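A.B. asks: Next comes protein10.csv, CSV, C-alpha atoms:
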```csv
chain,number,residue,atom,x,y,z
A,1,MET,CA,-124.5,68.2,180.9
A,2,SER,CA,-125.8,66.2,183.9
A,3,ARG,CA,-127.7,63.0,184.4
A,4,ALA,CA,-130.0,61.5,187.1
A,5,ARG,CA,-128.3,59.7,189.9
A,6,LEU,CA,-126.8,56.3,189.2
A,7,ASP,CA,-126.1,53.4,191.4
A,8,VAL,CA,-122.6,52.8,190.1
A,9,VAL,CA,-120.1,54.3,187.7
A,10,VAL,CA,-117.3,52.0,186.5
A,11,ALA,CA,-114.1,53.5,185.1
A,12,GLY,CA,-112.4,51.4,182.6
A,13,ALA,CA,-113.9,48.9,180.1
A,14,GLY,CA,-111.3,46.2,179.7
A,15,VAL,CA,-112.2,42.7,180.6
A,16,VAL,CA,-112.6,43.3,184.3
A,17,GLY,CA,-114.3,46.7,184.0
A,18,ALA,CA,-116.8,45.6,181.4
A,19,ALA,CA,-117.6,42.4,183.3
A,20,CYS,CA,-118.1,44.5,186.5
A,21,ALA,CA,-120.5,46.9,184.7
A,22,LEU,CA,-122.4,44.0,183.2
A,23,ALA,CA,-122.6,42.0,186.4
A,24,LEU,CA,-123.9,44.9,188.5
A,25,SER,CA,-126.4,45.9,185.8
A,26,ARG,CA,-127.7,42.4,185.5
A,27,ALA,CA,-128.0,42.4,189.3
A,28,GLY,CA,-130.5,45.2,189.0
A,29,LEU,CA,-128.4,48.3,189.5
A,30,ASP,CA,-128.3,51.4,187.3
A,31,VAL,CA,-124.8,51.5,185.9
A,32,ALA,CA,-122.6,53.7,183.7
A,33,LEU,CA,-119.3,52.8,182.2
A,34,VAL,CA,-116.6,55.3,181.3
A,35,GLU,CA,-113.9,54.4,178.8
A,36,MET,CA,-111.3,56.5,176.9
A,37,ARG,CA,-111.1,54.4,173.7
A,38,PRO,CA,-113.7,52.3,171.9
A,39,ALA,CA,-112.9,48.5,171.9
A,40,PRO,CA,-111.5,47.4,168.6
A,41,ARG,CA,-113.6,44.7,166.9
A,42,TRP,CA,-112.1,41.2,167.4
A,43,SER,CA,-111.0,39.5,164.2
A,44,ALA,CA,-110.4,35.7,164.0
A,45,GLN,CA,-107.8,36.4,161.3
A,46,ARG,CA,-105.7,38.6,163.6
A,47,PRO,CA,-105.4,36.8,167.0
A,48,ASP,CA,-104.6,39.0,169.9
A,49,LEU,CA,-101.1,38.4,171.3
A,50,ARG,CA,-102.5,38.9,174.8
A,51,VAL,CA,-104.1,35.7,176.0
A,52,PHE,CA,-105.4,34.5,179.3
A,53,ALA,CA,-105.6,31.1,180.9
A,54,LEU,CA,-109.2,31.5,182.1
A,55,ALA,CA,-110.1,29.5,185.1
A,56,PRO,CA,-113.4,27.5,185.5
A,57,ASP,CA,-114.9,29.8,188.1
A,58,ASN,CA,-114.4,32.8,185.8
A,59,ALA,CA,-115.9,30.9,182.9
A,60,ALA,CA,-118.9,30.3,185.1
A,61,LEU,CA,-119.1,34.0,185.9
A,62,LEU,CA,-119.0,34.9,182.2
A,63,ASP,CA,-121.7,32.2,181.6
A,64,ALA,CA,-123.9,33.7,184.2
A,65,LEU,CA,-123.5,37.1,182.5
A,66,GLY,CA,-124.6,35.5,179.2
A,67,VAL,CA,-121.3,36.0,177.2
A,68,TRP,CA,-119.4,32.7,177.6
A,69,PRO,CA,-121.4,30.8,174.9
A,70,GLN,CA,-120.4,33.6,172.5
A,71,VAL,CA,-116.7,33.3,173.5
A,72,LEU,CA,-116.8,29.5,173.1
A,73,GLY,CA,-118.5,29.8,169.8
A,74,ALA,CA,-115.7,32.2,168.5
A,75,ARG,CA,-112.5,30.7,169.8
A,76,ALA,CA,-111.5,29.3,173.2
A,77,GLN,CA,-108.9,26.6,173.4
A,78,PRO,CA,-109.3,24.2,176.3
A,79,TYR,CA,-106.2,22.9,178.0
A,80,ARG,CA,-106.6,19.6,179.7
A,81,ARG,CA,-103.1,19.0,181.0
A,82,MET,CA,-100.3,21.1,182.5
A,83,ARG,CA,-96.7,19.9,182.6
A,84,VAL,CA,-94.1,21.9,184.6
A,85,TRP,CA,-90.4,21.1,184.8
A,86,ASP,CA,-87.1,22.8,185.7
A,87,ALA,CA,-84.1,23.2,183.3
A,88,GLY,CA,-81.9,22.1,186.2
A,89,GLY,CA,-83.3,18.6,186.3
A,90,GLY,CA,-85.7,16.7,188.6
A,91,ASP,CA,-89.1,15.3,188.1
A,92,GLU,CA,-92.0,17.0,186.4
A,93,LEU,CA,-95.2,18.4,188.0
A,94,CYS,CA,-98.2,17.3,186.0
A,95,PHE,CA,-101.9,18.2,186.3
A,96,ASP,CA,-104.5,16.2,184.3
A,97,ALA,CA,-108.1,17.2,184.0
A,98,ALA,CA,-109.2,13.5,183.8
A,99,ALA,CA,-107.5,12.8,187.1
A,100,LEU,CA,-109.4,15.7,188.7
A,101,ALA,CA,-112.7,14.6,187.2
A,102,ARG,CA,-112.8,17.6,184.9
A,103,GLY,CA,-113.3,18.0,181.2
A,104,GLU,CA,-110.6,20.7,181.1
A,105,LEU,CA,-108.4,22.6,183.5
A,106,GLY,CA,-109.3,25.9,181.8
A,107,TRP,CA,-109.3,27.8,178.5
A,108,ILE,CA,-106.8,29.9,176.6
A,109,VAL,CA,-108.8,33.0,175.5
A,110,GLU,CA,-107.7,36.2,173.7
A,111,ASN,CA,-108.1,39.5,175.6
A,112,GLY,CA,-109.6,41.1,172.5
A,113,LEU,CA,-112.3,38.4,172.1
A,114,LEU,CA,-113.4,38.7,175.7
A,115,VAL,CA,-113.6,42.5,175.5
A,116,ASP,CA,-115.5,42.4,172.2
A,117,ARG,CA,-118.1,39.9,173.6
A,118,LEU,CA,-118.5,41.8,176.8
A,119,TRP,CA,-119.0,45.1,175.0
A,120,SER,CA,-121.6,43.5,172.8
A,121,ALA,CA,-123.7,42.7,175.8
A,122,LEU,CA,-123.6,46.1,177.5
A,123,ALA,CA,-126.4,47.9,175.7
A,124,ALA,CA,-128.9,45.1,176.1
A,125,ALA,CA,-128.1,45.0,179.8
A,126,GLY,CA,-128.9,48.7,180.1
A,127,VAL,CA,-125.4,49.9,180.8
A,128,GLN,CA,-124.8,53.6,179.9
A,129,VAL,CA,-121.5,53.7,178.0
A,130,HIS,CA,-119.6,57.0,177.9
A,131,CYS,CA,-116.9,56.5,175.2
A,132,PRO,CA,-114.6,58.2,174.3
A,133,ALA,CA,-114.6,59.9,177.7
A,134,LYS,CA,-112.2,60.4,180.6
A,135,ILE,CA,-112.9,61.2,184.3
A,136,GLU,CA,-111.3,64.6,185.0
A,137,ALA,CA,-112.5,65.3,188.6
A,138,MET,CA,-114.2,63.5,191.5
A,139,GLU,CA,-115.7,64.6,194.7
A,140,GLN,CA,-117.2,62.2,197.3
A,141,ASP,CA,-119.0,62.3,200.6
A,142,ALA,CA,-120.7,59.7,202.8
A,143,THR,CA,-123.6,59.4,200.3
A,144,GLY,CA,-121.9,59.0,197.0
A,145,VAL,CA,-119.5,60.4,194.3
A,146,ARG,CA,-119.8,63.1,191.8
A,147,LEU,CA,-117.7,62.8,188.6
A,148,ARG,CA,-116.9,65.3,185.9
A,149,LEU,CA,-115.9,63.9,182.5
A,150,ASP,CA,-113.8,65.6,179.9
A,151,ASP,CA,-116.8,66.2,177.6
A,152,GLY,CA,-118.6,68.2,180.4
A,153,THR,CA,-120.8,65.3,181.5
A,154,ARG,CA,-121.4,65.1,185.2
A,155,LEU,CA,-122.2,61.8,186.8
A,156,ASP,CA,-123.7,61.4,190.3
A,157,ALA,CA,-123.6,57.9,191.8
A,158,ARG,CA,-123.7,56.0,195.1
A,159,LEU,CA,-120.5,54.2,194.2
A,160,ALA,CA,-117.6,54.5,191.8
A,161,VAL,CA,-115.4,51.5,190.7
A,162,ALA,CA,-111.8,52.0,189.5
A,163,ALA,CA,-111.1,49.3,186.9
A,164,ASP,CA,-109.1,51.6,184.6
A,165,GLY,CA,-105.8,49.7,184.7
A,166,ALA,CA,-102.5,49.8,186.5
A,167,ALA,CA,-102.1,53.6,186.0
A,168,SER,CA,-105.7,54.2,187.2
A,169,GLU,CA,-106.7,57.8,187.2
A,170,LEU,CA,-109.8,57.2,189.4
A,171,ARG,CA,-107.6,55.5,192.0
A,172,ARG,CA,-105.3,58.6,192.0
A,173,LEU,CA,-108.3,60.9,192.4
A,174,ALA,CA,-109.4,58.9,195.3
A,175,GLY,CA,-106.0,59.3,197.0
A,176,LEU,CA,-105.2,55.6,197.1
A,177,GLU,CA,-101.5,54.7,197.1
A,178,VAL,CA,-99.9,51.6,195.6
A,179,ALA,CA,-96.8,49.6,196.6
A,180,ALA,CA,-94.8,48.6,193.5
A,181,HIS,CA,-91.8,46.5,192.7
A,182,ASP,CA,-90.2,46.2,189.3
A,183,TYR,CA,-88.9,42.7,188.6
A,184,GLY,CA,-86.5,43.9,185.9
A,185,GLN,CA,-88.1,41.4,183.6
A,186,ARG,CA,-90.3,41.5,180.5
A,187,GLY,CA,-92.8,38.9,179.2
A,188,VAL,CA,-92.1,38.2,175.5
A,189,VAL,CA,-95.3,37.1,173.7
A,190,ALA,CA,-95.9,35.6,170.3
A,191,PHE,CA,-97.7,32.8,168.5
A,192,ILE,CA,-95.7,29.9,167.3
A,193,GLY,CA,-96.0,26.7,165.2
A,194,THR,CA,-94.4,23.5,166.4
A,195,GLU,CA,-93.4,20.2,164.8
A,196,ARG,CA,-95.4,18.2,167.3
A,197,ALA,CA,-99.0,18.8,168.5
A,198,HIS,CA,-99.5,20.7,171.7
A,199,GLU,CA,-101.8,17.9,172.9
A,200,ASP,CA,-104.2,20.4,174.6
A,201,THR,CA,-101.4,20.8,177.2
A,202,ALA,CA,-99.9,23.9,178.8
A,203,TRP,CA,-96.1,23.4,179.0
A,204,GLN,CA,-93.9,25.5,181.4
A,205,ARG,CA,-90.2,25.2,181.8
A,206,PHE,CA,-88.3,27.1,184.5
A,207,LEU,CA,-85.0,28.6,183.3
A,208,PRO,CA,-82.5,30.6,185.2
A,209,THR,CA,-83.6,33.7,183.3
A,210,GLY,CA,-87.3,33.1,184.0
A,211,PRO,CA,-90.2,30.7,183.0
A,212,LEU,CA,-91.1,29.9,179.5
A,213,ALA,CA,-94.8,28.9,179.0
A,214,LEU,CA,-96.2,27.3,175.8
A,215,LEU,CA,-99.9,27.6,175.9
A,216,PRO,CA,-102.1,25.6,173.5
A,217,PHE,CA,-104.0,27.7,170.9
A,218,ALA,CA,-106.3,27.2,168.0
A,219,GLU,CA,-105.3,25.5,164.7
A,220,GLY,CA,-102.4,23.7,166.2
A,221,ARG,CA,-100.6,26.9,167.2
A,222,SER,CA,-99.3,27.8,170.6
A,223,SER,CA,-99.0,31.1,172.5
A,224,ILE,CA,-95.8,31.8,174.3
A,225,VAL,CA,-95.1,33.9,177.4
A,226,TRP,CA,-91.3,34.0,177.8
A,227,THR,CA,-90.1,35.8,181.0
A,228,LEU,CA,-86.6,37.3,180.5
A,229,PRO,CA,-84.5,40.0,182.0
A,230,ASP,CA,-85.0,43.4,180.4
A,231,ALA,CA,-81.9,43.4,178.3
A,232,GLU,CA,-82.3,39.8,177.2
A,233,ALA,CA,-85.9,40.5,176.2
A,234,ALA,CA,-84.8,43.4,174.1
A,235,ARG,CA,-82.2,41.2,172.4
A,236,VAL,CA,-84.6,38.4,171.7
A,237,LEU,CA,-87.2,40.8,170.2
A,238,ALA,CA,-84.5,42.1,167.8
A,239,LEU,CA,-83.7,38.6,166.5
A,240,ASP,CA,-84.8,37.6,163.0
A,241,ASP,CA,-87.3,34.8,162.8
A,242,ALA,CA,-84.8,32.1,162.1
A,243,ALA,CA,-82.5,33.0,165.1
A,244,PHE,CA,-85.6,33.4,167.3
A,245,ALA,CA,-86.8,29.9,166.3
A,246,VAL,CA,-83.4,28.4,167.3
A,247,GLU,CA,-83.3,30.1,170.7
A,248,LEU,CA,-87.0,29.3,171.5
A,249,THR,CA,-86.6,25.7,170.5
A,250,ASP,CA,-83.5,25.4,172.8
A,251,ALA,CA,-85.3,27.2,175.6
A,252,SER,CA,-88.2,24.8,175.4
A,253,ALA,CA,-85.9,21.8,175.3
A,254,ALA,CA,-87.6,21.0,171.9
A,255,ARG,CA,-90.5,19.5,173.9
A,256,LEU,CA,-92.8,20.1,170.9
A,257,GLY,CA,-90.0,19.8,168.4
A,258,ARG,CA,-88.8,22.8,166.4
A,259,ALA,CA,-90.7,26.0,167.3
A,260,VAL,CA,-91.1,28.8,164.7
A,261,PRO,CA,-92.8,32.2,165.1
A,262,VAL,CA,-96.0,32.7,163.1
A,263,SER,CA,-96.8,36.2,164.3
A,264,GLU,CA,-95.1,39.5,165.4
A,265,ARG,CA,-93.5,39.6,168.8
A,266,ALA,CA,-94.2,42.0,171.7
A,267,ALA,CA,-93.0,42.4,175.3
A,268,PHE,CA,-94.5,43.9,178.4
A,269,PRO,CA,-92.7,44.9,181.7
A,270,LEU,CA,-93.3,42.7,184.7
A,271,ARG,CA,-93.9,44.1,188.2
A,272,ARG,CA,-95.8,43.6,191.4
A,273,GLN,CA,-98.2,46.4,192.2
A,274,LEU,CA,-100.7,46.3,195.1
A,275,VAL,CA,-103.0,49.1,196.2
A,276,ARG,CA,-102.8,49.7,199.9
A,277,GLN,CA,-106.6,49.7,200.3
A,278,GLN,CA,-109.2,48.4,197.9
A,279,VAL,CA,-111.9,50.8,199.1
A,280,ALA,CA,-111.7,54.5,200.0
A,281,GLY,CA,-115.1,55.9,201.0
A,282,ARG,CA,-117.4,55.4,198.0
A,283,VAL,CA,-114.7,54.3,195.6
A,284,LEU,CA,-113.8,50.6,195.1
A,285,VAL,CA,-110.6,49.5,193.2
A,286,LEU,CA,-110.4,46.2,191.4
A,287,GLY,CA,-108.5,44.4,188.6
A,288,ASP,CA,-105.2,45.8,187.5
A,289,ALA,CA,-106.0,49.1,189.2
A,290,ALA,CA,-105.8,47.1,192.5
A,291,HIS,CA,-103.2,44.4,191.8
A,292,VAL,CA,-100.7,43.6,189.1
A,293,VAL,CA,-99.0,40.2,189.6
A,294,HIS,CA,-96.3,38.1,187.9
A,295,PRO,CA,-97.8,36.2,184.9
A,296,LEU,CA,-96.1,32.9,185.6
A,297,ALA,CA,-99.3,31.3,186.9
A,298,GLY,CA,-101.6,33.1,184.5
A,299,GLN,CA,-103.8,34.5,187.3
A,300,GLY,CA,-103.9,38.2,186.6
A,301,VAL,CA,-107.3,38.5,184.9
A,302,ASN,CA,-108.6,35.6,187.0
A,303,LEU,CA,-107.9,37.6,190.2
A,304,GLY,CA,-109.7,40.6,188.7
A,305,LEU,CA,-112.7,38.7,187.7
A,306,ARG,CA,-112.8,37.2,191.2
A,307,ASP,CA,-113.0,40.8,192.5
A,308,VAL,CA,-116.1,41.2,190.3
A,309,ALA,CA,-117.7,37.9,191.3
A,310,ALA,CA,-117.2,38.7,195.0
A,311,LEU,CA,-118.7,42.2,194.5
A,312,ARG,CA,-121.7,40.8,192.6
A,313,SER,CA,-122.3,38.2,195.3
A,314,GLU,CA,-122.3,40.9,198.0
A,315,VAL,CA,-124.7,43.1,196.0
A,316,GLU,CA,-127.1,40.2,195.2
A,317,ALA,CA,-127.1,39.0,198.8
A,318,ALA,CA,-128.0,42.5,200.1
A,319,LEU,CA,-130.7,43.0,197.5
A,320,ALA,CA,-132.2,39.6,198.3
A,321,ARG,CA,-132.4,40.6,202.0
A,322,ARG,CA,-133.6,44.1,201.1
A,323,THR,CA,-130.7,45.7,202.9
A,324,ASP,CA,-128.3,48.4,201.7
A,325,TRP,CA,-126.0,46.9,199.1
A,326,ALA,CA,-123.7,49.9,199.3
A,327,ALA,CA,-123.4,50.0,203.2
A,328,ALA,CA,-119.9,50.8,204.3
A,329,HIS,CA,-119.4,47.6,206.3
A,330,ARG,CA,-120.4,45.6,203.3
A,331,LEU,CA,-117.8,47.4,201.1
A,332,GLN,CA,-115.1,47.0,203.7
A,333,ARG,CA,-115.9,43.3,204.0
A,334,TRP,CA,-115.5,42.8,200.3
A,335,ALA,CA,-112.3,44.8,200.3
A,336,ARG,CA,-110.7,42.8,203.2
A,337,ARG,CA,-111.5,39.5,201.5
A,338,ARG,CA,-110.3,40.4,198.1
A,339,ARG,CA,-107.1,42.3,199.2
A,340,SER,CA,-106.1,39.3,201.3
A,341,ASP,CA,-106.5,36.8,198.4
A,342,ASN,CA,-104.8,39.2,195.9
A,343,THR,CA,-101.9,40.0,198.3
A,344,VAL,CA,-101.2,36.3,199.1
A,345,SER,CA,-101.3,35.4,195.4
A,346,ALA,CA,-99.0,38.2,194.4
A,347,TYR,CA,-96.3,37.3,196.9
A,348,ALA,CA,-96.7,33.6,196.2
A,349,PHE,CA,-96.1,34.1,192.5
A,350,GLU,CA,-93.1,36.3,193.3
A,351,GLY,CA,-91.7,33.7,195.6
A,352,ILE,CA,-92.0,31.0,192.9
A,353,ASN,CA,-90.4,33.3,190.4
A,354,ARG,CA,-87.4,34.0,192.7
A,355,LEU,CA,-86.9,30.3,193.5
A,356,PHE,CA,-86.9,29.1,190.0
A,357,SER,CA,-85.5,32.1,188.1
A,358,ASN,CA,-81.9,31.9,189.2
A,359,ALA,CA,-78.8,29.8,188.9
A,360,ASP,CA,-78.0,29.5,192.6
A,361,PRO,CA,-76.7,26.0,193.2
A,362,LEU,CA,-78.8,25.5,196.3
A,363,ALA,CA,-81.9,26.6,194.6
A,364,VAL,CA,-81.2,24.4,191.6
A,365,LEU,CA,-80.7,21.4,194.0
A,366,ALA,CA,-84.0,22.1,195.8
A,367,ARG,CA,-86.5,23.0,193.2
A,368,GLY,CA,-86.4,19.9,190.9
A,369,PRO,CA,-87.2,17.6,193.8
A,370,LEU,CA,-89.7,20.1,195.1
A,371,LEU,CA,-91.7,19.8,191.8
A,372,GLY,CA,-91.4,16.1,191.9
A,373,LEU,CA,-92.6,15.8,195.5
A,374,THR,CA,-95.6,17.9,194.7
A,375,GLY,CA,-96.4,15.7,191.8
A,376,LYS,CA,-96.3,12.6,194.0
A,377,LEU,CA,-98.8,14.0,196.5
A,378,PRO,CA,-102.2,13.9,194.9
A,379,PRO,CA,-104.0,15.8,197.7
A,380,LEU,CA,-101.5,18.7,197.4
A,381,GLN,CA,-101.9,18.6,193.6
A,382,ARG,CA,-105.7,18.9,194.0
A,383,ALA,CA,-105.4,21.7,196.5
A,384,LEU,CA,-103.1,23.7,194.2
A,385,TRP,CA,-105.4,23.2,191.3
A,386,ARG,CA,-108.5,24.1,193.2
A,387,HIS,CA,-106.9,27.3,194.4
A,388,ALA,CA,-105.9,28.2,190.9
A,389,ALA,CA,-109.3,27.2,189.4
A,390,GLY,CA,-111.3,29.0,192.1
A,391,VAL,CA,-113.4,25.9,192.8
```
What would you get if you wrote out this structure as structure tokens?
C.D. replies:
Amino acid sequence: MSRARLDVVVAGAGVVGAACALALSRAGLDVALVEMRPAPRWSAQRPDLRVFALAPDNAALLDALGVWPQVLGARAQPYRRMRVWDAGGGDELCFDAAALARGELGWIVENGLLVDRLWSALAAAGVQVHCPAKIEAMEQDATGVRLRLDDGTRLDARLAVAADGAASELRRLAGLEVAAHDYGQRGVVAFIGTERAHEDTAWQRFLPTGPLALLPFAEGRSSIVWTLPDAEAARVLALDDAAFAVELTDASAARLGRAVPVSERAAFPLRRQLVRQQVAGRVLVLGDAAHVVHPLAGQGVNLGLRDVAALRSEVEAALARRTDWAAAHRLQRWARRRRSDNTVSAYAFEGINRLFSNADPLAVLARGPLLGLTGKLPPLQRALWRHAAGV
């Protein structure tokens, strides 16, 4: 089977891939989306363990795409304060939305909810969805790409976008290499109940084994992301609920009182992975296919959506000027800007993790005062928040 020529084929329909397809289609391009598995329907009764701290600029992007009101109407927990402290002592670093003249710093949103609402908007936007389907082969030249899917469909487009995750097949077919570093850590995730209210606050404590984040969630619950060495994460996962509650309460310094699990637990490996180039001819790479970063700052999906926002901006600017939106120089400019931001962010998060996730006496002596100093310099606080928020 074959189809008429498209403008763009997007591989991967997670949050970033689906947002990319929707953004480019709403900009006026003819877009197809290829995904191996249909998105499961989101259920309010079974919250997704994978949550994101969505920044204001990306909420604005989703609003422009027409899906943010549906997300807010379902379940999106605002967080209005952030408090960060070190187990070794020293002052806290605090961010407060009111002090920054904001209603909130961001929102805690489930991955499954975002995917569900994005998928619901694809058909109305005119996106051709090929699912279940997988890209098996690709050829490209200076004018475009030709893709063969595993069901025999052939897609011909001016541009292909790899948004199919950290193990991206389209990235491999394009011959793009990645530089990867395994942190030897896992992020343990679960929902918990606590004795005291979360106060719409994201709490993060740095421990020698890695940071523990308690993120505010709906109905008084919190979502945890607990970074631990591989062996320690396996041990914690194997604990019964009572023993897990004791260790979690201790790790959080009982900041919200006794913490008890109210869901199953899971863990995912942590690593840094950066593609060496974000464009190869007529193939662009974005989201986790381009960059995987440490989750301590909650910026993974935010960086991916910023890839999308920047690409959308380039396309819309070119269309407004009636110039070629897929010109090589334009694609290269997008790639340079995004790779710079993604690389700086990845290594910054890694540096913070290394400084705070160890018991070296000199590091312990330095990091508490460092947090306190940052908290006493409002201009630095505002600059850090504006970078994280994309505003």
A.B. asks: So that I can check the surroundings of Arg81 (chain A), please list as a tab-separated table (two decimals) with C-alpha atoms, keeping the file's coordinate frame every protein, DNA and RNA residue that reaches within 6 Å of it, counting all atoms listed in the file and ignoring chain neighbours fewer than 5 positions away.
C.D. replies:
```tsv
chain	number	residue	atom	x	y	z
A	95	PHE	CA	-101.90	18.20	186.30
A	96	ASP	CA	-104.50	16.20	184.30
A	201	THR	CA	-101.40	20.80	177.20
```
A.B. asks: Region 123-131 of chain A: which residues within 12 Å, counting all atoms listed in the file, same-chain residues fewer than 5 positions away excluded, as a CSV table (one decimal) with C-alpha atoms, in the frame of the given file?
C.D. replies:
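Output (part-v7.csv):
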```
chain,number,residue,atom,x,y,z
A,3,ARG,CA,-127.7,63.0,184.4
A,4,ALA,CA,-130.0,61.5,187.1
A,6,LEU,CA,-126.8,56.3,189.2
A,7,ASP,CA,-126.1,53.4,191.4
A,8,VAL,CA,-122.6,52.8,190.1
A,9,VAL,CA,-120.1,54.3,187.7
A,10,VAL,CA,-117.3,52.0,186.5
A,11,ALA,CA,-114.1,53.5,185.1
A,12,GLY,CA,-112.4,51.4,182.6
A,13,ALA,CA,-113.9,48.9,180.1
A,17,GLY,CA,-114.3,46.7,184.0
A,18,ALA,CA,-116.8,45.6,181.4
A,19,ALA,CA,-117.6,42.4,183.3
A,20,CYS,CA,-118.1,44.5,186.5
A,21,ALA,CA,-120.5,46.9,184.7
A,22,LEU,CA,-122.4,44.0,183.2
A,23,ALA,CA,-122.6,42.0,186.4
A,24,LEU,CA,-123.9,44.9,188.5
A,25,SER,CA,-126.4,45.9,185.8
A,26,ARG,CA,-127.7,42.4,185.5
A,27,ALA,CA,-128.0,42.4,189.3
A,28,GLY,CA,-130.5,45.2,189.0
A,29,LEU,CA,-128.4,48.3,189.5
A,30,ASP,CA,-128.3,51.4,187.3
A,31,VAL,CA,-124.8,51.5,185.9
A,32,ALA,CA,-122.6,53.7,183.7
A,33,LEU,CA,-119.3,52.8,182.2
A,34,VAL,CA,-116.6,55.3,181.3
A,35,GLU,CA,-113.9,54.4,178.8
A,36,MET,CA,-111.3,56.5,176.9
A,37,ARG,CA,-111.1,54.4,173.7
A,38,PRO,CA,-113.7,52.3,171.9
A,39,ALA,CA,-112.9,48.5,171.9
A,65,LEU,CA,-123.5,37.1,182.5
A,66,GLY,CA,-124.6,35.5,179.2
A,67,VAL,CA,-121.3,36.0,177.2
A,117,ARG,CA,-118.1,39.9,173.6
A,118,LEU,CA,-118.5,41.8,176.8
A,148,ARG,CA,-116.9,65.3,185.9
A,149,LEU,CA,-115.9,63.9,182.5
A,150,ASP,CA,-113.8,65.6,179.9
A,151,ASP,CA,-116.8,66.2,177.6
A,152,GLY,CA,-118.6,68.2,180.4
A,153,THR,CA,-120.8,65.3,181.5
A,154,ARG,CA,-121.4,65.1,185.2
A,155,LEU,CA,-122.2,61.8,186.8
```
A.B. asks: If you count only C-alpha atoms, which residues fall within 7 Å of Pro269 (chain A), apart from same-chain ones fewer than 2 positions away, as an NGL selection string?
C.D. replies: :A and (185-187 or 267 or 271)
A.B. asks: Measuring between only C-alpha atoms, which one of A:Gln273, A:Gln332, A:Asn111, A:Ser252 shows the shortest distance to Val178 (chain A)?
C.D. replies: A:Gln273
A.B. asks: For Ala166 (chain A), work out the shell of residues within 8 Å, counting all atoms listed in the file and skipping chain neighbours fewer than 2 positions away, then give it as number ranges by chain.
C.D. replies: A: 164, 168, 273, 288-292
A.B. asks: Work out how far apart CA of Phe191 (chain A) and CA of Trp119 (chain A) are and give it in Å to one decimal.
C.D. replies: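 Computed distance, CA of Phe191 (chain A) to CA of Trp119 (chain A), equals 25.4 Å.
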A.B. asks: CA of Leu49 (chain A) and CA of Val293 (chain A), how far apart in Å?
C.D. replies: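 According to the coordinates, CA of Val293 (chain A) and CA of Leu49 (chain A) are separated by 18.5 Å.
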A.B. asks: CA of Arg83 (chain A) and CA of Ala213 (chain A) are how many Å apart?
C.D. replies: 9.9 Å
A.B. asks: Point out the residue among A:Gly112, A:Ala348, A:Met82, A:Glu264 with the least atom-to-atom distance to Ala98 (chain A), counting only C-alpha atoms.
C.D. replies: A:Met82
A.B. asks: Excluding region 237-240 of chain A and any residue of its chain fewer than 5 positions from it, enumerate the residues within 12 Å of it, using only C-alpha atoms, and give them as a ChimeraX atom specification.
C.D. replies: /A:186-190,226,228,230-232,245-248,260-261,264-268
